[in-house]
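work-v3.txt (compact mmCIF, C-alpha atoms)
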# COMPACT_ATOMS: atom_id res chain seq x y z
CA MET A 1 -103.17 96.34 107.86
CA LEU A 2 -103.07 92.82 106.52
CA VAL A 3 -99.34 92.33 106.90
CA THR A 4 -97.27 91.03 104.00
CA TRP A 5 -97.67 87.56 105.37
CA GLY A 6 -95.30 85.70 103.09
CA ALA A 7 -92.62 88.29 103.77
CA LEU A 8 -93.09 87.75 107.48
CA ILE A 9 -92.75 83.99 107.17
CA LEU A 10 -89.73 84.29 104.88
CA THR A 11 -88.16 86.75 107.29
CA LEU A 12 -88.68 84.50 110.27
CA LEU A 13 -87.33 81.58 108.29
CA VAL A 14 -84.14 83.25 107.22
CA LEU A 15 -83.28 85.36 110.23
CA LEU A 16 -83.10 82.17 112.31
CA VAL A 17 -80.66 80.41 109.97
CA LYS A 18 -77.07 80.98 111.03
CA ALA A 19 -74.96 81.76 107.99
CA ASP A 20 -71.43 80.42 107.97
CA GLN A 21 -70.55 82.75 105.14
CA TRP A 22 -71.95 86.06 103.91
CA SER A 23 -70.73 86.50 100.38
CA ILE A 24 -72.37 89.56 98.85
CA LYS A 25 -71.45 89.87 95.21
CA ASP A 26 -70.12 93.22 94.18
CA SER A 27 -72.93 95.40 92.87
CA ALA A 28 -70.98 96.04 89.70
CA LYS A 29 -71.16 92.31 88.98
CA CYS A 30 -74.82 92.09 89.88
CA GLU A 31 -76.05 93.16 86.48
CA LEU A 32 -78.45 91.44 84.16
CA ASN A 33 -76.65 88.65 82.34
CA LYS A 34 -77.77 88.20 78.77
CA LYS A 35 -76.58 84.60 78.87
CA GLN A 36 -79.32 82.47 80.45
CA SER A 37 -76.90 79.97 81.97
CA ASP A 38 -75.38 82.75 84.09
CA LEU A 39 -78.65 83.65 85.82
CA ASN A 40 -79.50 82.55 89.36
CA SER A 41 -82.17 79.85 89.57
CA PHE A 42 -84.70 79.07 92.29
CA LEU A 43 -86.31 76.25 90.32
CA TRP A 44 -86.28 72.58 91.33
CA THR A 45 -87.76 69.76 89.24
CA ILE A 46 -89.73 66.91 90.83
CA LYS A 47 -88.86 64.09 88.47
CA ARG A 48 -92.03 62.35 87.38
CA ASP A 49 -94.08 62.13 84.20
CA PRO A 50 -95.24 64.81 83.66
CA PRO A 51 -92.69 66.69 85.76
CA SER A 52 -93.67 69.08 88.55
CA TYR A 53 -91.73 71.99 90.01
CA PHE A 54 -90.78 73.87 93.16
CA TYR A 55 -90.07 77.56 92.74
CA GLY A 56 -88.73 79.92 95.40
CA THR A 57 -90.41 83.33 95.43
CA ILE A 58 -89.53 86.59 97.15
CA HIS A 59 -91.80 89.31 98.56
CA VAL A 60 -90.58 92.29 96.61
CA PRO A 61 -92.16 93.98 93.56
CA TYR A 62 -91.94 91.51 90.72
CA THR A 63 -90.58 94.22 88.41
CA ARG A 64 -87.39 94.29 90.49
CA VAL A 65 -86.56 90.62 89.82
CA TRP A 66 -88.47 89.55 86.71
CA ASP A 67 -85.69 90.12 84.17
CA PHE A 68 -83.34 88.02 86.33
CA ILE A 69 -85.67 85.01 86.41
CA PRO A 70 -84.46 82.41 83.88
CA ARG A 71 -86.64 81.56 80.91
CA ASN A 72 -86.88 77.91 81.94
CA SER A 73 -88.43 78.94 85.30
CA LYS A 74 -91.05 80.98 83.47
CA GLN A 75 -91.63 78.15 81.01
CA ALA A 76 -92.14 75.67 83.86
CA PHE A 77 -94.88 77.93 85.22
CA GLN A 78 -96.49 78.35 81.81
CA GLU A 79 -96.50 74.62 81.04
CA SER A 80 -97.81 73.50 84.44
CA SER A 81 -101.55 72.90 84.62
CA ILE A 82 -101.93 73.48 88.38
CA VAL A 83 -100.24 76.15 90.50
CA TYR A 84 -100.12 75.96 94.29
CA PHE A 85 -99.07 78.63 96.77
CA GLU A 86 -98.67 78.71 100.54
CA LEU A 87 -102.06 80.38 100.92
CA ASP A 88 -104.96 80.75 98.50
CA LEU A 89 -104.41 84.35 97.46
CA THR A 90 -107.66 84.48 95.50
CA ASP A 91 -109.97 83.38 98.32
CA PRO A 92 -111.73 86.24 100.19
CA TYR A 93 -111.77 84.01 103.26
CA THR A 94 -107.95 84.21 103.36
CA ILE A 95 -108.10 87.97 103.76
CA SER A 96 -110.92 87.83 106.28
CA ALA A 97 -109.24 85.16 108.38
CA LEU A 98 -105.92 86.99 108.41
CA THR A 99 -107.69 90.11 109.63
CA SER A 100 -109.51 88.27 112.41
CA CYS A 101 -106.45 86.47 113.73
CA GLN A 102 -104.65 89.78 114.26
CA LEU A 103 -107.28 91.26 116.58
CA LEU A 104 -107.15 91.23 120.36
CA PRO A 105 -109.78 88.93 121.92
CA ARG A 106 -113.01 90.07 123.55
CA GLY A 107 -112.85 93.59 122.15
CA GLU A 108 -109.71 94.50 124.11
CA ASN A 109 -107.71 97.59 123.25
CA LEU A 110 -103.93 97.79 122.90
CA GLN A 111 -103.80 100.56 125.49
CA ASP A 112 -105.25 98.09 128.00
CA VAL A 113 -102.56 95.44 127.51
CA LEU A 114 -99.34 97.36 126.84
CA PRO A 115 -97.23 99.05 129.51
CA ARG A 116 -98.09 102.74 129.54
CA ASP A 117 -94.65 103.93 128.46
CA MET A 118 -94.49 101.46 125.58
CA TYR A 119 -97.93 102.52 124.36
CA ARG A 120 -96.85 106.18 124.36
CA ARG A 121 -93.64 105.34 122.47
CA LEU A 122 -95.64 103.38 119.90
CA LYS A 123 -98.14 106.19 119.38
CA ARG A 124 -95.30 108.73 119.08
CA HIS A 125 -93.61 106.63 116.42
CA LEU A 126 -96.81 106.16 114.41
CA ASP A 127 -97.43 109.92 114.54
CA TYR A 128 -93.91 110.40 113.15
CA VAL A 129 -94.54 107.91 110.34
CA LYS A 130 -97.83 109.59 109.42
CA LEU A 131 -96.08 112.96 109.28
CA MET A 132 -93.21 111.67 107.13
CA MET A 133 -95.10 109.38 104.78
CA PRO A 134 -96.03 112.05 102.17
CA SER A 135 -92.30 112.71 101.64
CA TRP A 136 -91.67 108.97 101.27
CA MET A 137 -94.15 108.50 98.42
CA THR A 138 -92.76 108.37 94.89
CA PRO A 139 -94.14 110.31 91.91
CA ASP A 140 -95.00 106.99 90.29
CA GLN A 141 -97.11 106.00 93.29
CA ARG A 142 -98.95 109.31 93.26
CA GLY A 143 -99.48 108.92 89.53
CA LYS A 144 -101.27 105.63 90.23
CA GLY A 145 -103.56 107.28 92.76
CA LEU A 146 -101.75 105.89 95.79
CA TYR A 147 -101.52 108.66 98.40
CA ALA A 148 -99.98 108.86 101.86
CA ASP A 149 -103.19 109.27 103.89
CA TYR A 150 -104.83 106.33 102.16
CA LEU A 151 -101.76 104.15 102.53
CA PHE A 152 -101.18 104.97 106.20
CA ASN A 153 -104.80 104.33 107.12
CA ALA A 154 -104.81 101.09 105.15
CA ILE A 155 -101.64 99.79 106.82
CA ALA A 156 -102.00 101.19 110.34
CA GLY A 157 -105.75 101.61 110.55
CA ASN A 158 -107.35 100.00 113.60
CA TRP A 159 -103.89 99.43 115.11
CA GLU A 160 -105.19 99.87 118.64
CA ARG A 161 -107.28 96.71 118.23
CA LYS A 162 -104.41 94.50 117.08
CA ARG A 163 -102.40 92.02 119.09
CA PRO A 164 -98.96 93.36 120.05
CA VAL A 165 -97.10 90.84 117.88
CA TRP A 166 -98.93 92.08 114.79
CA VAL A 167 -98.31 95.69 115.76
CA MET A 168 -94.60 94.81 115.95
CA LEU A 169 -94.72 93.48 112.38
CA MET A 170 -96.71 96.52 111.27
CA VAL A 171 -94.10 98.89 112.71
CA ASN A 172 -91.35 97.04 110.84
CA SER A 173 -93.23 97.53 107.58
CA LEU A 174 -93.72 101.26 108.09
CA THR A 175 -90.32 102.30 106.81
CA GLU A 176 -89.44 104.58 103.94
CA ALA A 177 -87.90 101.76 101.91
CA ASP A 178 -90.94 99.54 102.38
CA ILE A 179 -93.46 102.28 101.62
CA LYS A 180 -91.75 102.98 98.30
CA THR A 181 -92.47 99.41 97.18
CA ARG A 182 -96.24 99.70 97.53
CA GLY A 183 -98.24 99.73 94.33
CA VAL A 184 -96.60 96.89 92.38
CA PRO A 185 -97.48 93.20 92.84
CA VAL A 186 -94.93 91.17 94.75
CA LEU A 187 -93.60 88.21 92.81
CA ASP A 188 -95.76 85.43 94.20
CA LEU A 189 -98.94 87.49 93.94
CA TYR A 190 -98.11 88.34 90.35
CA LEU A 191 -97.76 84.60 89.66
CA ALA A 192 -101.13 83.99 91.35
CA GLN A 193 -102.75 86.65 89.19
CA GLU A 194 -101.18 85.22 86.06
CA ALA A 195 -102.21 81.67 86.94
CA GLU A 196 -105.81 82.84 87.27
CA ARG A 197 -105.65 84.86 84.06
CA MET A 198 -104.22 81.89 82.15
CA GLY A 199 -107.03 79.66 83.37
CA LYS A 200 -104.87 77.40 85.53
CA ARG A 201 -106.17 75.64 88.59
CA THR A 202 -104.77 77.15 91.76
CA GLY A 203 -104.69 76.11 95.39
CA ALA A 204 -102.88 76.33 98.71
CA VAL A 205 -100.96 73.84 100.84
CA GLU A 206 -101.69 75.66 104.09
CA LYS A 207 -104.59 77.16 105.96
CA VAL A 208 -104.53 80.67 107.40
CA GLU A 209 -104.87 79.32 110.93
CA GLU A 210 -101.76 77.18 110.51
CA GLN A 211 -99.68 80.24 109.71
CA CYS A 212 -101.41 82.59 112.14
CA HIS A 213 -101.62 80.61 115.37
CA PRO A 214 -97.87 80.15 115.92
CA LEU A 215 -97.41 83.92 116.07
CA ASN A 216 -100.29 84.32 118.48
CA GLY A 217 -98.75 81.50 120.51
CA LEU A 218 -95.90 83.64 121.84
CA ASN A 219 -96.30 84.37 125.54
CA PHE A 220 -96.85 87.93 126.77
CA THR A 221 -93.27 88.40 128.00
CA GLN A 222 -91.86 87.38 124.61
CA VAL A 223 -94.24 89.63 122.71
CA ILE A 224 -93.46 92.67 124.87
CA PHE A 225 -89.74 92.00 124.44
CA ALA A 226 -90.10 91.78 120.64
CA LEU A 227 -92.18 94.96 120.40
CA ASN A 228 -89.77 96.85 122.67
CA GLN A 229 -86.75 95.80 120.59
CA THR A 230 -88.58 96.84 117.42
CA LEU A 231 -89.39 100.27 118.82
CA LEU A 232 -85.80 100.70 120.05
CA GLN A 233 -84.51 99.95 116.56
CA GLN A 234 -86.91 102.36 114.88
CA GLU A 235 -86.19 105.09 117.43
CA SER A 236 -82.46 104.68 116.85
CA LEU A 237 -82.98 104.89 113.10
CA ARG A 238 -84.98 108.11 113.53
CA ALA A 239 -82.25 109.58 115.72
CA GLY A 240 -79.58 108.69 113.20
CA SER A 241 -77.66 106.57 115.71
CA LEU A 242 -78.31 103.30 113.86
CA ARG A 243 -77.94 102.33 110.24
CA VAL A 244 -79.79 99.29 108.92
CA PRO A 245 -76.99 96.97 107.83
CA TYR A 246 -79.05 94.99 105.33
CA THR A 247 -81.92 96.39 103.32
CA THR A 248 -84.52 95.20 100.86
CA GLU A 249 -82.08 96.25 98.15
CA ASP A 250 -79.57 93.73 99.51
CA LEU A 251 -82.23 91.03 99.51
CA ILE A 252 -83.14 91.81 95.89
CA LYS A 253 -79.48 91.75 94.89
CA HIS A 254 -79.01 88.33 96.47
CA TYR A 255 -82.13 86.93 94.87
CA ASN A 256 -81.07 88.17 91.45
CA CYS A 257 -77.37 87.36 91.65
CA GLY A 258 -76.83 85.30 94.79
CA ASP A 259 -75.25 81.91 95.18
CA LEU A 260 -77.57 79.07 96.19
CA ASN A 261 -74.66 77.45 98.03
CA SER A 262 -74.73 80.32 100.54
CA ILE A 263 -77.47 81.41 102.92
CA ILE A 264 -78.49 84.45 100.96
CA PHE A 265 -81.54 85.51 102.96
CA ASN A 266 -79.98 85.71 106.40
CA HIS A 267 -80.72 89.43 106.77
CA ASP A 268 -84.11 90.02 105.22
CA THR A 269 -84.98 93.16 107.14
CA SER A 270 -88.38 93.79 105.65
CA GLN A 271 -90.29 92.82 108.80
CA VAL A 272 -88.60 91.54 111.94
CA PRO A 273 -85.35 92.71 113.54
CA ASN A 274 -82.78 90.04 114.32
CA PHE A 275 -82.99 90.19 118.09
CA ASN A 276 -79.93 88.01 118.61
CA ASN A 277 -77.75 90.63 116.92
CA VAL A 278 -78.72 93.26 119.47
CA THR A 279 -76.49 93.75 122.50
CA LEU A 280 -78.63 92.52 125.35
CA PRO A 281 -78.21 91.75 129.06
CA PRO A 282 -78.11 88.00 129.81
CA SER A 283 -81.76 87.73 130.87
CA GLU A 284 -83.00 89.34 127.66
CA GLN A 285 -80.57 87.27 125.60
CA VAL A 286 -82.34 84.19 126.96
CA THR A 287 -85.70 85.60 125.84
CA ALA A 288 -84.33 86.30 122.36
CA GLN A 289 -83.04 82.74 122.08
CA GLU A 290 -86.36 81.35 123.27
CA ILE A 291 -88.18 83.30 120.55
CA ASP A 292 -85.72 82.04 117.95
CA SER A 293 -86.14 78.43 119.06
CA TYR A 294 -89.91 78.74 119.07
CA PHE A 295 -90.06 80.18 115.57
CA ARG A 296 -87.50 77.69 114.27
CA LEU A 297 -89.73 74.83 115.37
CA GLU A 298 -93.15 76.31 114.57
CA LEU A 299 -92.42 78.29 111.41
CA ILE A 300 -89.64 76.27 109.83
CA TYR A 301 -89.57 72.60 110.75
CA LYS A 302 -93.25 71.97 111.41
CA ARG A 303 -94.42 73.98 108.40
CA ASN A 304 -91.93 72.41 106.01
CA GLU A 305 -92.94 68.95 107.19
CA ARG A 306 -96.63 69.72 106.76
CA MET A 307 -96.16 71.38 103.36
CA GLY A 308 -94.03 68.48 102.12
CA ARG A 309 -96.65 65.91 103.13
CA ARG A 310 -99.38 67.84 101.34
CA VAL A 311 -97.29 68.23 98.20
CA LYS A 312 -96.79 64.45 98.22
CA ALA A 313 -100.54 63.87 98.61
CA LEU A 314 -101.32 66.19 95.69
CA LEU A 315 -98.79 64.48 93.43
CA GLU A 316 -100.26 61.08 94.26
CA GLU A 317 -103.83 62.26 93.84
CA HIS A 318 -103.10 63.74 90.39
CA PRO A 319 -100.39 61.59 88.78
CA ASP A 320 -101.19 62.92 85.29
CA LYS A 321 -100.93 66.61 86.19
CA SER A 322 -97.95 68.94 86.19
CA PHE A 323 -97.76 71.10 89.35
CA PHE A 324 -95.90 74.34 89.98
CA PHE A 325 -95.42 74.93 93.72
CA ALA A 326 -94.48 78.57 94.38
CA PHE A 327 -93.39 79.01 98.00
CA GLY A 328 -91.10 81.49 99.73
CA ALA A 329 -87.48 80.75 98.81
CA GLY A 330 -86.62 80.14 102.48
CA HIS A 331 -88.61 76.89 102.38
CA PHE A 332 -86.05 75.40 99.99
CA LEU A 333 -82.79 76.55 101.62
CA GLY A 334 -80.99 75.27 104.69
CA ASN A 335 -81.88 72.10 106.61
CA ASN A 336 -85.17 70.19 106.89
CA THR A 337 -86.59 71.88 103.81
CA VAL A 338 -89.72 70.99 101.88
CA ILE A 339 -87.41 69.37 99.33
CA ASP A 340 -85.85 67.19 102.05
CA VAL A 341 -89.32 66.07 103.15
CA LEU A 342 -90.27 65.04 99.62
CA ARG A 343 -86.96 63.25 99.04
CA SER A 344 -87.49 61.29 102.26
CA GLN A 345 -90.74 60.03 100.71
CA GLY A 346 -88.87 58.57 97.75
CA TYR A 347 -89.20 61.42 95.24
CA GLU A 348 -86.25 62.58 93.17
CA VAL A 349 -85.94 66.36 93.29
CA GLU A 350 -83.15 68.14 91.42
CA HIS A 351 -82.13 71.77 91.24
CA THR A 352 -82.72 73.06 87.71
CA PRO A 353 -80.00 75.52 86.62
CA ALA A 354 -80.80 78.43 84.35
CA GLY A 355 -80.45 77.46 80.71
CA GLN A 356 -81.29 73.80 81.26
CA PRO A 357 -84.14 72.68 78.96
CA ILE A 358 -87.47 71.82 80.56
CA ASN A 359 -88.52 68.20 80.14
CA ARG A 360 -92.16 68.49 79.18
CA GLY A 361 -93.09 64.86 79.73
CA ARG A 362 -96.53 63.63 78.76
CA PRO A 363 -99.36 66.14 78.42
CA SER A 364 -101.66 66.77 81.36
CA LYS A 365 -105.28 65.69 81.00
CA PHE A 366 -107.88 68.39 81.45
CA PRO A 367 -111.57 68.14 82.29
CA PRO A 368 -114.02 68.78 79.45
CA GLY A 369 -114.24 72.43 78.51
CA GLN A 370 -110.75 73.29 79.73
CA GLU A 371 -108.85 72.28 76.60
CA ALA A 372 -108.30 75.92 75.67
CA HIS A 373 -106.22 76.39 78.80
CA SER A 374 -104.08 73.26 78.50
CA LEU A 375 -100.44 73.58 77.58
CA GLY A 376 -98.19 71.14 75.75
CA GLN A 377 -100.88 68.68 74.64
CA ASP A 378 -99.04 67.78 71.44
CA LEU A 379 -95.65 66.25 72.22
CA ASP A 380 -94.50 66.49 68.62
CA ASP A 381 -94.78 70.27 68.41
CA PRO A 382 -93.61 72.91 70.85
CA PRO A 383 -96.54 74.06 73.02
CA HIS A 384 -98.04 77.48 72.60
CA LEU A 385 -97.21 79.23 75.87
CA GLU A 386 -99.54 81.94 77.12
CA PRO A 387 -97.49 85.14 77.41
CA PHE A 388 -97.33 86.97 80.72
CA LEU A 389 -99.63 89.98 80.90
CA HIS A 390 -96.99 92.68 81.32
CA GLU A 391 -95.13 91.24 78.33
CA LEU A 392 -98.30 91.52 76.26
CA GLN A 393 -98.68 95.13 77.39
CA GLU A 394 -95.10 95.90 76.45
CA GLU A 395 -95.69 94.33 73.05
CA ASP A 396 -98.82 96.44 72.55
CA GLN A 397 -96.82 99.57 73.38
CA ARG A 398 -94.13 98.67 70.87
CA ARG A 399 -96.43 97.56 68.08
CA PRO A 400 -97.38 101.01 66.71
CA LEU A 401 -93.71 101.80 66.17
CA GLU A 402 -92.54 98.41 65.00
CA GLU A 403 -95.43 96.70 63.26
CA SER A 404 -98.02 99.20 62.10
CA PRO A 405 -97.88 99.86 58.35
CA LEU A 406 -97.82 103.49 57.29
CA PRO A 407 -101.32 104.87 56.58
CA HIS A 408 -100.57 105.74 52.93
CA MET A 409 -99.60 102.10 52.30
CA LEU A 410 -103.00 100.70 53.33
CA LEU A 411 -105.66 99.71 50.86
CA PRO A 412 -109.36 100.33 51.62
CA ASP A 413 -109.91 96.63 52.34
CA SER A 414 -106.93 96.63 54.69
CA LEU A 415 -108.31 99.62 56.57
CA ASP A 416 -111.60 97.86 57.11
CA LEU A 417 -109.81 94.72 58.31
CA LEU A 418 -107.62 96.70 60.69
CA GLU A 419 -110.64 98.45 62.19
CA LYS A 420 -112.27 95.07 62.86
CA VAL A 421 -109.10 93.71 64.46
CA GLU A 422 -108.72 96.84 66.59
CA ARG A 423 -112.31 96.53 67.82
CA LYS A 424 -111.69 92.92 68.80
CA LEU A 425 -108.47 93.84 70.62
CA LYS A 426 -110.19 96.63 72.55
CA LYS A 427 -113.02 94.31 73.54
CA LYS A 428 -110.50 91.68 74.70
CA ARG A 429 -108.62 94.26 76.78
CA ARG A 430 -111.87 95.47 78.38
CA ASN A 431 -112.80 91.90 79.32
CA LYS A 432 -109.38 91.39 80.92
CA LEU A 433 -109.71 94.57 82.93
CA LYS A 434 -113.18 93.56 84.14
CA LYS A 435 -111.86 90.19 85.32
CA GLN A 436 -108.98 91.84 87.14
CA HIS A 437 -111.25 94.42 88.77
CA HIS A 438 -113.36 91.76 90.49
CA ARG A 439 -110.47 89.75 91.92
CA GLN A 440 -110.37 89.58 95.69
CA PHE A 441 -106.70 90.42 96.19
CA ASN A 442 -105.77 92.73 99.02
CA ASP A 443 -103.11 95.24 98.14
CA LEU A 444 -101.63 95.84 101.55
CA TRP A 445 -100.56 92.48 102.86
CA VAL A 446 -99.11 91.80 99.44
CA ARG A 447 -97.86 95.35 98.76
CA MET A 448 -99.92 95.80 95.63
CA GLU A 449 -103.05 96.59 93.71
CA GLU A 450 -103.01 99.59 91.48
CA ARG A 451 -106.01 101.72 92.23

Show this structure as structure tokens.
Amino acid sequence: MLVTWGALILTLLVLLVKADQWSIKDSAKCELNKKQSDLNSFLWTIKRDPPSYFYGTIHVPYTRVWDFIPRNSKQAFQESSIVYFELDLTDPYTISALTSCQLLPRGENLQDVLPRDMYRRLKRHLDYVKLMMPSWMTPDQRGKGLYADYLFNAIAGNWERKRPVWVMLMVNSLTEADIKTRGVPVLDLYLAQEAERMGKRTGAVEKVEEQCHPLNGLNFTQVIFALNQTLLQQESLRAGSLRVPYTTEDLIKHYNCGDLNSIIFNHDTSQVPNFNNVTLPPSEQVTAQEIDSYFRLELIYKRNERMGRRVKALLEEHPDKSFFFAFGAGHFLGNNTVIDVLRSQGYEVEHTPAGQPINRGRPSKFPPGQEAHSLGQDLDDPPHLEPFLHELQEEDQRRPLEESPLPHMLLPDSLDLLEKVERKLKKKRRNKLKKQHHRQFNDLWVRMEER
């Protein structure tokens, strides 16, 4: 399995932040607000001409949060000429490198490095998951051709060759709630797909090795502790003696309706258990704190500093371009954030509330031949914004009911014209499908790809 990497990083970011308050809004209040100004916003504007943007993403199916994303956040994405992510999601090397970094060195096998009892517990749990997975699949998943055997082999295949830390993350992703999310693009991957479809330039501010090596840097004692705690949690859940206090549903609710003034991602349970919340003897409590300190330094402070410096370099290298930086929301919350790094370099970065108009600034300049993909080139007229693909599909589904004239009202010339238009539309749709088919996205570490 290529683990949902962004979810892992976000999880490690937020589980280490100590929340002073935990203010979950009542679910009855967490409904879609028709008034844009009432929506939660994860958009920040880097004030320059043209402006650039930070946007905080979340690793859940985009369909669960899309209607709660303010229009000005979507417009900022549409108007930006360059979109950057943490990793280059379109580069096959990203997938290959992530796979390689998870493997044990020198052809070692997990059975050779784990204590015997722990290996047996792990195998027993994976056998349980494989047995239960068919009952966890949804009808919608089966309708898309996503079946339990395929999914289990794709996620847990070759698990005996993986490093223990990656097996720990794999086990945390093999839950009923997580399995039910497979088959729909997570939000940041959907944005990457849309950026490519709209002809935008895309890139990454990090290399795979920079995200991968810190995890592999844990010492053997820490890794065994983490895997043991993970198995204990999953075994307790199976036995019914433990209830997960915070679920992916809670995370989605906070993203959609949370308050940016609170730490709303403190209990993202999609990957890693919060070891410090487990009742432990003093010696193990020390190990848990050491792991927390290590990840706080390596996966929060150092990464935010590095990402902030690279954002600054990109802005200075392309002063006439508008950027949209889509990173995990945890990079923008708490202390020593990417925003703090950029502000320390003299940039003015402001949170952009829902409903606040987007300042388009001057148009970005595009290389020859890319004019068709530029947005907002004429400052006197509103730019034509490329619609998002699923919105186009919804419009196509509605059109026969809402826009198609009745057959007996059509003249012969109109029929001929409509047939020509329909042929063009079908050809356009086929071309889009061909482009999507050849993209090098991996469905498992990003929880997607309809088969």

May I have the residues at most 9 Å from (-84.7, 92.4, 97.6) in the file's coordinates, counting all atoms listed in the file, as a tab-separated table (two decimals) with C-alpha atoms, keeping the file's coordinate frame?
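Result saved to selection.tsv:
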chain	number	residue	atom	x	y	z
A	58	ILE	CA	-89.53	86.59	97.15
A	59	HIS	CA	-91.80	89.31	98.56
A	60	VAL	CA	-90.58	92.29	96.61
A	61	PRO	CA	-92.16	93.98	93.56
A	64	ARG	CA	-87.39	94.29	90.49
A	65	VAL	CA	-86.56	90.62	89.82
A	247	THR	CA	-81.92	96.39	103.32
A	248	THR	CA	-84.52	95.20	100.86
A	249	GLU	CA	-82.08	96.25	98.15
A	250	ASP	CA	-79.57	93.73	99.51
A	251	LEU	CA	-82.23	91.03	99.51
A	252	ILE	CA	-83.14	91.81	95.89
A	253	LYS	CA	-79.48	91.75	94.89
A	254	HIS	CA	-79.01	88.33	96.47
A	255	TYR	CA	-82.13	86.93	94.87
A	256	ASN	CA	-81.07	88.17	91.45
A	268	ASP	CA	-84.11	90.02	105.22
A	270	SER	CA	-88.38	93.79	105.65

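The interatomic distance for the pair CA of Pro281 in chain A and CA of Glu235 in chain A works out to 19.4 Å.
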
Please give the centre and size of the box around range 215-218 of chain A (axis-aligned, containing every atom listed in the file, 3 Å added per side), with values in Å to one decimal and written as JSON.
{"center_x": -98.1, "center_y": 82.9, "center_z": 119.0, "size_x": 10.4, "size_y": 8.8, "size_z": 11.8}

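If you measure from each of A:Tyr53, A:Tyr62, A:Tyr128, A:Tyr93 to Gln75 in chain A using only C-alpha atoms, the closest one turns out to be A:Tyr53.
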
* Contacts of range 149-153 of chain A at 9 Å or less, counting only C-alpha atoms, minus same-chain residues fewer than 3 places along, as number ranges by chain? -> A: 1, 129-130, 133-134, 146, 156-158, 174, 179, 182, 444

* **Surrounding residues of Pro51 in chain A excluding itself and chain neighbours under 6 positions, 8 Å, all atoms listed in the file, as a list of chain:residue names** => A:Thr45, A:Ser322, A:Phe323, A:Asn359, A:Arg360, A:Gly361

Create the file for the chosen residues now, containing C-alpha atoms and written as an mmCIF file, keeping the file's coordinate frame.
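Here's the written file again.cif:
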data_model
loop_
_atom_site.group_PDB
_atom_site.id
_atom_site.type_symbol
_atom_site.label_atom_id
_atom_site.label_comp_id
_atom_site.auth_asym_id
_atom_site.auth_seq_id
_atom_site.Cartn_x
_atom_site.Cartn_y
_atom_site.Cartn_z
ATOM 1 C CA THR A 45 -87.760 69.760 89.240
ATOM 2 C CA SER A 322 -97.950 68.940 86.190
ATOM 3 C CA PHE A 323 -97.760 71.100 89.350
ATOM 4 C CA ASN A 359 -88.520 68.200 80.140
ATOM 5 C CA ARG A 360 -92.160 68.490 79.180
ATOM 6 C CA GLY A 361 -93.090 64.860 79.730
#

Could you produce a table of the residues of range 110-192 of chain A lying within 10 Å of range 81-90 of chain A, with the nearest pair of atoms per residue and their separation in Å rounded to one decimal, using only C-alpha atoms, ordered by chain and increasing residue number, as JSON lines?
{"residue": "A:Asp188", "atom": "CA", "partner": "A:Phe85", "partner_atom": "CA", "distance": 8.0}
{"residue": "A:Leu189", "atom": "CA", "partner": "A:Leu89", "partner_atom": "CA", "distance": 7.2}
{"residue": "A:Leu191", "atom": "CA", "partner": "A:Val83", "partner_atom": "CA", "distance": 8.8}
{"residue": "A:Ala192", "atom": "CA", "partner": "A:Leu89", "partner_atom": "CA", "distance": 6.9}

Take the residues from that selection and put them in a file with C-alpha atoms, as a tab-separated table (two decimals), in the frame of the given file.
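Output (selection-v1.tsv):
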chain	number	residue	atom	x	y	z
A	188	ASP	CA	-95.76	85.43	94.20
A	189	LEU	CA	-98.94	87.49	93.94
A	191	LEU	CA	-97.76	84.60	89.66
A	192	ALA	CA	-101.13	83.99	91.35

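Atom pair CA of Tyr294 in chain A / CA of Ala313 in chain A has a distance of 27.4 Å (rounded to one decimal).
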
* To do: Using all atoms listed in the file, find all polymer residues with an atom at most 10 Å away from the point (-97.0, 90.5, 129.2); report them as a list in words.
  =>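 Returned residue set, sorted by chain then number, is Val113, Leu114, Pro115, Pro164, Asn219, Phe220, Thr221, Gln222, Val223, Ile224 and Phe225 of chain A.
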
* To do: Between A:Lys200, A:Met137, A:Glu108, A:Arg124, single out the one closest to Arg163 in chain A, counting only C-alpha atoms.
  => A:Glu108

* What separation in Å, quoted to one decimal, exists between CA of Tyr119 in chain A and CA of Arg296 in chain A? -> 28.8 Å

* **Selected residue of minimal separation from Glu298 in chain A among A:Leu43, A:Leu215, A:Leu242, A:Ala226, counting only C-alpha atoms** =>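 Smallest separation from Glu298 in chain A among the options: A:Leu215.
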
* To do: Name all residues at most 9 Å from Val311 in chain A (count only C-alpha atoms; drop same-chain ones fewer than 2 positions away) and give them as a PyMOL selection string.
  => chain A and resi 205+306-309+313-316+325+338+342

* Determine the nearest neighbour of Lys312 in chain A from the options A:Met132, A:Ile46, A:Glu196, A:Gln289, counting only C-alpha atoms. =>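 Of all the options, A:Ile46 lies closest to Lys312 in chain A.
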